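Colleague: Quick one: structure below, then a few questions.
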Amino acid sequence: MGASPTLISSVQRAFRLLEAASAHETGAPAKQLARETGLPLGTAYHLLRTLVHDGYLRKLDDGSFVLGDRLQALHTGGRSQALLARVRPVLSALRDELSSAAYLTFYEDGEIRVSEVVDGPRAPRVDLWVGFEDAGHATALGKTVLRELDDDSRQEYLSRHTLNDLTPHTVTTPVELIRRLENTPLAPAVTDLEEYALGTVCVAVPVYSGGTVGSLGVSMPRNRLDRIDEVRERLLPTAHRITRSLSLTM
């Protein structure tokens, strides 16, 4: 027979209080929560004070307790993890089919952020030597997002970001960047031809999670540049599948 797991009773009690508080839309006082959870009033008070201090509960002016902001943050983070878990197999399949690292980004809080990278020994990721928040203009993933933004949002982004010269191929003026975005020959796909890192080319296409724009892309060595059309044709249905999967879980 295996040994019974060691359980921390104070943690269990705290969770019971959180569960009890969540059952009351307008909150409940300490005495009621203690009664519902079967806890001594003194114990409930100590645990409630700790949960309020750490942001998991909030005490209202009338003395009632409701769920706090920290729980909402956990819920949001857990939801994001669940969404990514749904699309990770799709990214892995794309990596294996194209022998290229696959990337997924989203435009969140005014920044282009990498949400997932799926690589492997035969499909290494590009060395992210400059963060994507500072290199949206030089990456296929970032440029795809910028292309999808409306004019005002794009201009607002460019007003906050310096178009740093990362390689001799990087576009460093907003006017030229926008011109290229509006005239990309592989639209809606966008390319990065050694603009972020010498020796590496990337292709990306747009994806959406509800109203949030993002991009799906792959990176590969420059000597595979002749496969860009093939890669684009594989990315488009994959992006549609990811968008549909994310939309169905909203």
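If you're wondering about the labels, chains in the structure tokens are A, B, ... by order shown, residues count from 1 in each chain, ligands from 1 in order shown.
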Could you list, as a list in words, every residue within 7 Å of Arg122 of chain A, counting only C-alpha atoms and ignoring same-chain residues fewer than 2 positions away?
Modeller: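 Counting only C-alpha atoms, the residues come to Ser99, Gly120 and Pro124 of chain A.
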Colleague: Using only C-alpha atoms, determine which residues lie at most 9 Å from Arg13 of chain A, disregarding the query and same-chain residues fewer than 2 positions distant; provide the list as a list of chain:residue names.
Modeller: A:Ile8, A:Ser9, A:Ser10, A:Val11, A:Phe15, A:Arg16, A:Leu17, A:Leu18, A:Thr37, A:Leu39, A:Thr43, A:Ala44, A:Leu47
Colleague: Emit the selected residues as a short mmCIF file (atom, residue, chain, number, x, y, z; two decimals), in the first residue's frame, including all heavy atoms.
Modeller:
data_model
loop_
_atom_site.label_atom_id
_atom_site.label_comp_id
_atom_site.auth_asym_id
_atom_site.auth_seq_id
_atom_site.Cartn_x
_atom_site.Cartn_y
_atom_site.Cartn_z
N ILE A 8 -1.88 19.77 3.38
CA ILE A 8 -1.78 20.93 4.25
C ILE A 8 -3.19 21.44 4.52
O ILE A 8 -3.85 21.99 3.63
CB ILE A 8 -0.92 22.03 3.59
CG1 ILE A 8 0.42 21.47 3.12
CG2 ILE A 8 -0.72 23.19 4.55
CD1 ILE A 8 1.24 20.87 4.24
N SER A 9 -3.64 21.26 5.75
CA SER A 9 -5.04 21.57 6.07
C SER A 9 -5.35 23.05 5.91
O SER A 9 -6.48 23.41 5.51
CB SER A 9 -5.36 21.12 7.50
OG SER A 9 -4.51 21.76 8.44
N SER A 10 -4.40 23.92 6.20
CA SER A 10 -4.68 25.35 6.08
C SER A 10 -4.94 25.75 4.63
O SER A 10 -5.76 26.63 4.35
CB SER A 10 -3.52 26.18 6.65
OG SER A 10 -2.31 25.90 5.97
N VAL A 11 -4.24 25.09 3.70
CA VAL A 11 -4.48 25.36 2.27
C VAL A 11 -5.87 24.89 1.89
O VAL A 11 -6.61 25.59 1.18
CB VAL A 11 -3.40 24.68 1.41
CG1 VAL A 11 -3.72 24.86 -0.08
CG2 VAL A 11 -2.03 25.23 1.73
N PHE A 15 -9.02 27.26 0.41
CA PHE A 15 -9.76 27.00 -0.82
C PHE A 15 -11.25 26.84 -0.54
O PHE A 15 -12.09 27.26 -1.35
CB PHE A 15 -9.21 25.76 -1.52
CG PHE A 15 -7.98 26.02 -2.33
CD1 PHE A 15 -6.80 25.34 -2.08
CD2 PHE A 15 -7.99 26.95 -3.36
CE1 PHE A 15 -5.66 25.58 -2.83
CE2 PHE A 15 -6.86 27.20 -4.12
CZ PHE A 15 -5.69 26.52 -3.84
N ARG A 16 -11.59 26.24 0.58
CA ARG A 16 -13.01 26.10 0.93
C ARG A 16 -13.65 27.47 1.12
O ARG A 16 -14.80 27.70 0.73
CB ARG A 16 -13.16 25.24 2.18
CG ARG A 16 -12.95 23.74 1.90
CD ARG A 16 -12.60 22.97 3.13
NE ARG A 16 -13.61 23.09 4.19
CZ ARG A 16 -13.43 22.63 5.43
NH1 ARG A 16 -12.28 22.04 5.75
NH2 ARG A 16 -14.38 22.76 6.32
N LEU A 17 -12.91 28.40 1.72
CA LEU A 17 -13.43 29.76 1.88
C LEU A 17 -13.60 30.46 0.53
O LEU A 17 -14.58 31.17 0.31
CB LEU A 17 -12.50 30.57 2.79
CG LEU A 17 -12.58 30.26 4.28
CD1 LEU A 17 -11.43 30.93 5.03
CD2 LEU A 17 -13.93 30.71 4.86
N LEU A 18 -12.64 30.26 -0.36
CA LEU A 18 -12.75 30.85 -1.69
C LEU A 18 -13.97 30.31 -2.42
O LEU A 18 -14.72 31.06 -3.07
CB LEU A 18 -11.49 30.57 -2.50
CG LEU A 18 -10.23 31.33 -2.10
CD1 LEU A 18 -9.02 30.81 -2.89
CD2 LEU A 18 -10.40 32.83 -2.34
N THR A 37 -18.49 26.70 5.70
CA THR A 37 -17.32 25.84 5.52
C THR A 37 -17.02 24.97 6.73
O THR A 37 -16.12 24.14 6.70
CB THR A 37 -16.07 26.69 5.22
OG1 THR A 37 -15.89 27.65 6.26
CG2 THR A 37 -16.22 27.40 3.88
N LEU A 39 -15.80 25.96 9.58
CA LEU A 39 -14.56 26.40 10.22
C LEU A 39 -14.86 27.21 11.47
O LEU A 39 -15.85 27.95 11.51
CB LEU A 39 -13.73 27.26 9.26
CG LEU A 39 -13.21 26.58 7.99
CD1 LEU A 39 -12.50 27.59 7.11
CD2 LEU A 39 -12.26 25.44 8.36
N THR A 43 -10.49 30.91 13.05
CA THR A 43 -9.69 30.38 11.93
C THR A 43 -10.11 31.03 10.62
O THR A 43 -9.27 31.42 9.80
CB THR A 43 -9.87 28.85 11.83
OG1 THR A 43 -9.43 28.24 13.04
CG2 THR A 43 -9.08 28.29 10.65
N ALA A 44 -11.41 31.17 10.42
CA ALA A 44 -11.91 31.79 9.20
C ALA A 44 -11.42 33.23 9.09
O ALA A 44 -11.00 33.67 8.02
CB ALA A 44 -13.43 31.74 9.17
N LEU A 47 -7.72 33.29 7.99
CA LEU A 47 -7.55 32.90 6.60
C LEU A 47 -8.11 33.98 5.67
O LEU A 47 -7.51 34.30 4.63
CB LEU A 47 -8.24 31.57 6.34
CG LEU A 47 -7.57 30.35 6.99
CD1 LEU A 47 -8.45 29.11 6.82
CD2 LEU A 47 -6.20 30.09 6.37
#
Colleague: Got a sec: who's within 8 Å of segment 160-166 of chain A, counting only C-alpha atoms, leaving out chain neighbours fewer than 4 positions off, as a ChimeraX atom specification?
Modeller: /A:134-135,137-138,156,170-174,195-197
Colleague: Please write the residues from the selection above to a file, keeping N, CA and C atoms, as an mmCIF file, in the first residue's frame.
Modeller:
data_model
loop_
_atom_site.group_PDB
_atom_site.id
_atom_site.type_symbol
_atom_site.label_atom_id
_atom_site.label_comp_id
_atom_site.auth_asym_id
_atom_site.auth_seq_id
_atom_site.Cartn_x
_atom_site.Cartn_y
_atom_site.Cartn_z
ATOM 1 N N ASP A 134 10.707 44.987 -29.543
ATOM 2 C CA ASP A 134 11.574 45.996 -30.147
ATOM 3 C C ASP A 134 11.933 45.674 -31.592
ATOM 4 N N ALA A 135 11.326 44.642 -32.145
ATOM 5 C CA ALA A 135 11.716 44.209 -33.487
ATOM 6 C C ALA A 135 10.529 43.877 -34.371
ATOM 7 N N HIS A 137 9.145 45.560 -36.577
ATOM 8 C CA HIS A 137 9.355 46.045 -37.945
ATOM 9 C C HIS A 137 10.277 45.161 -38.754
ATOM 10 N N ALA A 138 11.018 44.264 -38.079
ATOM 11 C CA ALA A 138 12.056 43.486 -38.745
ATOM 12 C C ALA A 138 11.731 42.001 -38.841
ATOM 13 N N GLU A 156 0.062 54.561 -34.268
ATOM 14 C CA GLU A 156 0.280 54.674 -32.830
ATOM 15 C C GLU A 156 1.416 53.745 -32.387
ATOM 16 N N THR A 170 17.349 45.531 -42.856
ATOM 17 C CA THR A 170 16.222 46.032 -42.061
ATOM 18 C C THR A 170 15.708 47.362 -42.604
ATOM 19 N N VAL A 171 14.393 47.457 -42.733
ATOM 20 C CA VAL A 171 13.764 48.721 -43.111
ATOM 21 C C VAL A 171 13.651 49.579 -41.854
ATOM 22 N N THR A 172 14.147 50.811 -41.922
ATOM 23 C CA THR A 172 14.219 51.642 -40.716
ATOM 24 C C THR A 172 13.421 52.937 -40.811
ATOM 25 N N THR A 173 12.612 53.099 -41.857
ATOM 26 C CA THR A 173 11.767 54.293 -41.958
ATOM 27 C C THR A 173 10.303 53.863 -42.035
ATOM 28 N N PRO A 174 9.428 54.505 -41.260
ATOM 29 C CA PRO A 174 8.010 54.129 -41.264
ATOM 30 C C PRO A 174 7.365 54.193 -42.636
ATOM 31 N N GLU A 195 16.041 40.288 -42.399
ATOM 32 C CA GLU A 195 15.873 41.617 -41.808
ATOM 33 C C GLU A 195 16.063 41.599 -40.294
ATOM 34 N N TYR A 196 15.840 40.429 -39.685
ATOM 35 C CA TYR A 196 16.023 40.279 -38.242
ATOM 36 C C TYR A 196 17.369 39.633 -37.914
ATOM 37 N N ALA A 197 17.724 38.619 -38.686
ATOM 38 C CA ALA A 197 18.984 37.915 -38.454
ATOM 39 C C ALA A 197 19.546 37.455 -39.787
#
Colleague: May I have all residues of segment 41-138 of chain A that DSSP, computed from the backbone, assigns to helix (DSSP H, G or I), given as an MDAnalysis selection string?
Modeller: chainID A and resid 41:53 69:98 132:134 136:138
Colleague: Could you save those same residues with C-alpha atoms as a PDB file, in the first residue's frame?
Modeller:
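Okay, this is what ended up in result.pdb:
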ATOM      1  CA  LEU A  41     -14.804  31.723  13.336  1.00  0.00           C
ATOM      2  CA  GLY A  42     -11.313  32.635  14.534  1.00  0.00           C
ATOM      3  CA  THR A  43      -9.694  30.382  11.934  1.00  0.00           C
ATOM      4  CA  ALA A  44     -11.912  31.790   9.198  1.00  0.00           C
ATOM      5  CA  TYR A  45     -10.995  35.354  10.179  1.00  0.00           C
ATOM      6  CA  HIS A  46      -7.252  34.612   9.971  1.00  0.00           C
ATOM      7  CA  LEU A  47      -7.551  32.904   6.596  1.00  0.00           C
ATOM      8  CA  LEU A  48      -9.849  35.593   5.191  1.00  0.00           C
ATOM      9  CA  ARG A  49      -7.430  38.324   6.300  1.00  0.00           C
ATOM     10  CA  THR A  50      -4.571  36.511   4.526  1.00  0.00           C
ATOM     11  CA  LEU A  51      -6.599  36.007   1.346  1.00  0.00           C
ATOM     12  CA  VAL A  52      -7.540  39.681   1.301  1.00  0.00           C
ATOM     13  CA  HIS A  53      -3.932  40.743   1.879  1.00  0.00           C
ATOM     14  CA  ASP A  69      -8.418  40.517  -8.735  1.00  0.00           C
ATOM     15  CA  ARG A  70      -5.679  37.928  -8.261  1.00  0.00           C
ATOM     16  CA  LEU A  71      -8.177  35.151  -8.934  1.00  0.00           C
ATOM     17  CA  GLN A  72      -9.242  36.862 -12.144  1.00  0.00           C
ATOM     18  CA  ALA A  73      -5.588  37.022 -13.194  1.00  0.00           C
ATOM     19  CA  LEU A  74      -5.215  33.301 -12.500  1.00  0.00           C
ATOM     20  CA  HIS A  75      -8.363  32.585 -14.473  1.00  0.00           C
ATOM     21  CA  THR A  76      -7.129  34.633 -17.424  1.00  0.00           C
ATOM     22  CA  GLY A  77      -3.711  33.001 -17.348  1.00  0.00           C
ATOM     23  CA  GLY A  78      -5.208  29.538 -17.067  1.00  0.00           C
ATOM     24  CA  ARG A  79      -7.550  30.255 -19.964  1.00  0.00           C
ATOM     25  CA  SER A  80      -4.597  31.374 -22.089  1.00  0.00           C
ATOM     26  CA  GLN A  81      -2.731  28.193 -21.234  1.00  0.00           C
ATOM     27  CA  ALA A  82      -5.772  26.123 -22.174  1.00  0.00           C
ATOM     28  CA  LEU A  83      -6.104  27.921 -25.512  1.00  0.00           C
ATOM     29  CA  LEU A  84      -2.434  27.393 -26.335  1.00  0.00           C
ATOM     30  CA  ALA A  85      -2.729  23.722 -25.377  1.00  0.00           C
ATOM     31  CA  ARG A  86      -5.416  23.380 -28.045  1.00  0.00           C
ATOM     32  CA  VAL A  87      -3.258  24.787 -30.833  1.00  0.00           C
ATOM     33  CA  ARG A  88       0.147  23.388 -29.788  1.00  0.00           C
ATOM     34  CA  PRO A  89      -0.405  20.083 -31.653  1.00  0.00           C
ATOM     35  CA  VAL A  90      -1.197  22.090 -34.803  1.00  0.00           C
ATOM     36  CA  LEU A  91       2.058  24.003 -34.425  1.00  0.00           C
ATOM     37  CA  SER A  92       3.968  20.767 -33.858  1.00  0.00           C
ATOM     38  CA  ALA A  93       2.500  19.260 -37.011  1.00  0.00           C
ATOM     39  CA  LEU A  94       3.483  22.378 -38.966  1.00  0.00           C
ATOM     40  CA  ARG A  95       7.031  22.178 -37.603  1.00  0.00           C
ATOM     41  CA  ASP A  96       7.353  18.521 -38.580  1.00  0.00           C
ATOM     42  CA  GLU A  97       5.901  18.997 -42.065  1.00  0.00           C
ATOM     43  CA  LEU A  98       8.088  21.973 -42.951  1.00  0.00           C
ATOM     44  CA  PHE A 132       9.960  41.036 -30.442  1.00  0.00           C
ATOM     45  CA  GLU A 133       8.613  44.105 -28.665  1.00  0.00           C
ATOM     46  CA  ASP A 134      11.574  45.996 -30.147  1.00  0.00           C
ATOM     47  CA  GLY A 136       8.185  44.142 -34.878  1.00  0.00           C
ATOM     48  CA  HIS A 137       9.355  46.045 -37.945  1.00  0.00           C
ATOM     49  CA  ALA A 138      12.056  43.486 -38.745  1.00  0.00           C
TER      50      ALA A 138
END
Colleague: Let's see if you can do this: from backbone DSSP, list all strand (DSSP E) residues in segment 105-158 of chain A, as an MDAnalysis selection string.
Modeller: chainID A and resid 105:108 111:118
Colleague: Given the selection you just returned, output its residues as a file containing all heavy atoms, formatted as a compact mmCIF listing (two decimals), in the first residue's frame.
Modeller:
# COMPACT_ATOMS: atom_id res chain seq x y z
N THR A 105 2.25 34.55 -32.39
CA THR A 105 2.29 35.81 -31.65
C THR A 105 0.91 36.43 -31.59
O THR A 105 0.03 36.10 -32.39
CB THR A 105 3.25 36.85 -32.31
OG1 THR A 105 2.62 37.40 -33.47
CG2 THR A 105 4.57 36.22 -32.68
N PHE A 106 0.73 37.36 -30.63
CA PHE A 106 -0.50 38.14 -30.54
C PHE A 106 -0.17 39.58 -30.16
O PHE A 106 0.85 39.85 -29.51
CB PHE A 106 -1.47 37.54 -29.51
CG PHE A 106 -2.11 36.27 -29.98
CD1 PHE A 106 -1.69 35.04 -29.51
CD2 PHE A 106 -3.11 36.30 -30.94
CE1 PHE A 106 -2.25 33.87 -29.96
CE2 PHE A 106 -3.69 35.13 -31.41
CZ PHE A 106 -3.25 33.91 -30.92
N TYR A 107 -1.03 40.48 -30.60
CA TYR A 107 -0.87 41.90 -30.30
C TYR A 107 -1.65 42.18 -29.03
O TYR A 107 -2.88 42.24 -29.04
CB TYR A 107 -1.40 42.74 -31.46
CG TYR A 107 -1.11 44.21 -31.36
CD1 TYR A 107 0.20 44.67 -31.30
CD2 TYR A 107 -2.14 45.15 -31.34
CE1 TYR A 107 0.47 46.03 -31.22
CE2 TYR A 107 -1.88 46.51 -31.27
CZ TYR A 107 -0.56 46.94 -31.21
OH TYR A 107 -0.28 48.28 -31.12
N GLU A 108 -0.94 42.34 -27.92
CA GLU A 108 -1.57 42.48 -26.61
C GLU A 108 -1.02 43.71 -25.91
O GLU A 108 0.20 43.89 -25.81
CB GLU A 108 -1.31 41.24 -25.75
CG GLU A 108 -1.85 39.96 -26.37
CD GLU A 108 -1.41 38.71 -25.63
OE1 GLU A 108 -0.28 38.73 -25.08
OE2 GLU A 108 -2.18 37.75 -25.58
N GLU A 111 1.62 45.72 -27.72
CA GLU A 111 2.90 45.12 -28.05
C GLU A 111 2.70 43.80 -28.79
O GLU A 111 1.70 43.11 -28.59
CB GLU A 111 3.73 44.86 -26.79
CG GLU A 111 4.07 46.10 -25.97
CD GLU A 111 4.98 47.06 -26.69
OE1 GLU A 111 5.58 46.68 -27.72
OE2 GLU A 111 5.12 48.22 -26.22
N ILE A 112 3.66 43.47 -29.65
CA ILE A 112 3.66 42.20 -30.37
C ILE A 112 4.45 41.20 -29.53
O ILE A 112 5.65 41.38 -29.32
CB ILE A 112 4.28 42.36 -31.77
CG1 ILE A 112 3.49 43.41 -32.56
CG2 ILE A 112 4.30 41.03 -32.50
CD1 ILE A 112 4.21 43.89 -33.80
N ARG A 113 3.77 40.18 -29.04
CA ARG A 113 4.40 39.26 -28.10
C ARG A 113 4.33 37.83 -28.60
O ARG A 113 3.30 37.39 -29.11
CB ARG A 113 3.74 39.37 -26.73
CG ARG A 113 3.95 40.74 -26.09
CD ARG A 113 3.32 40.84 -24.74
NE ARG A 113 3.66 42.11 -24.10
CZ ARG A 113 2.82 42.85 -23.40
NH1 ARG A 113 1.57 42.44 -23.26
NH2 ARG A 113 3.20 43.98 -22.84
N VAL A 114 5.41 37.10 -28.41
CA VAL A 114 5.46 35.69 -28.77
C VAL A 114 4.70 34.89 -27.72
O VAL A 114 5.03 34.94 -26.53
CB VAL A 114 6.91 35.19 -28.87
CG1 VAL A 114 6.94 33.70 -29.21
CG2 VAL A 114 7.68 35.98 -29.92
N SER A 115 3.69 34.14 -28.15
CA SER A 115 2.91 33.32 -27.23
C SER A 115 3.41 31.89 -27.18
O SER A 115 3.29 31.23 -26.16
CB SER A 115 1.43 33.33 -27.64
OG SER A 115 0.88 34.62 -27.52
N GLU A 116 3.96 31.41 -28.29
CA GLU A 116 4.41 30.02 -28.34
C GLU A 116 5.46 29.85 -29.42
O GLU A 116 5.38 30.47 -30.50
CB GLU A 116 3.22 29.10 -28.63
CG GLU A 116 3.50 27.62 -28.50
CD GLU A 116 3.87 27.22 -27.08
OE1 GLU A 116 2.97 27.01 -26.25
OE2 GLU A 116 5.08 27.12 -26.82
N VAL A 117 6.44 29.03 -29.14
CA VAL A 117 7.44 28.62 -30.12
C VAL A 117 7.55 27.10 -30.04
O VAL A 117 7.74 26.55 -28.95
CB VAL A 117 8.82 29.24 -29.85
CG1 VAL A 117 9.81 28.80 -30.93
CG2 VAL A 117 8.74 30.76 -29.80
N VAL A 118 7.42 26.42 -31.18
CA VAL A 118 7.57 24.97 -31.23
C VAL A 118 8.72 24.67 -32.17
O VAL A 118 8.64 24.93 -33.38
CB VAL A 118 6.27 24.29 -31.71
CG1 VAL A 118 6.48 22.79 -31.82
CG2 VAL A 118 5.12 24.60 -30.76
Colleague: Using only C-alpha atoms, can you tell me which of A:Val130, A:Val66, A:Val201, A:Leu177 comes closest to Arg227 of chain A?
Modeller: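 Closest to Arg227 of chain A of all the choices is A:Val201.
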Colleague: Would you compute the distance between atom CA of Thr26 of chain A and atom CA of Leu60 of chain A? Give it in Å to one decimal.
Modeller: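 It comes out at 9.5 Å.
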Colleague: Compare A:Leu146, A:Thr184, A:Leu198, A:Met220 by their minimum atom-to-atom distance to Tyr103 of chain A, counting only C-alpha atoms, and give me the closest one.
Modeller: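 Looking at the shortest contact to Tyr103 of chain A, the residue is A:Met220.
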Colleague: Using only C-alpha atoms for the distances, tell me which of A:Leu181, A:Leu193, A:Leu236, A:Val213 is nearest to Thr167 of chain A.
Modeller: A:Leu193
Colleague: Looking at only C-alpha atoms, which of A:Arg234, A:Arg179, A:Arg58, A:Lys31 is the one that sits closest to Lys143 of chain A?
Modeller: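 Of A:Arg234, A:Arg179, A:Arg58, A:Lys31, the one nearest Lys143 of chain A is A:Arg179, counting only C-alpha atoms.
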Colleague: Mind giving me the straight-line distance from atom CA of Leu216 of chain A to atom CA of Asp192 of chain A in Å, one decimal?
Modeller: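 So the two atoms, atom CA of Leu216 of chain A and atom CA of Asp192 of chain A, lie 13.1 Å apart.
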Colleague: Between atom CA of Glu176 of chain A and atom CA of Ala189 of chain A, what is the distance, to one decimal in Å?
Modeller: 17.8 Å
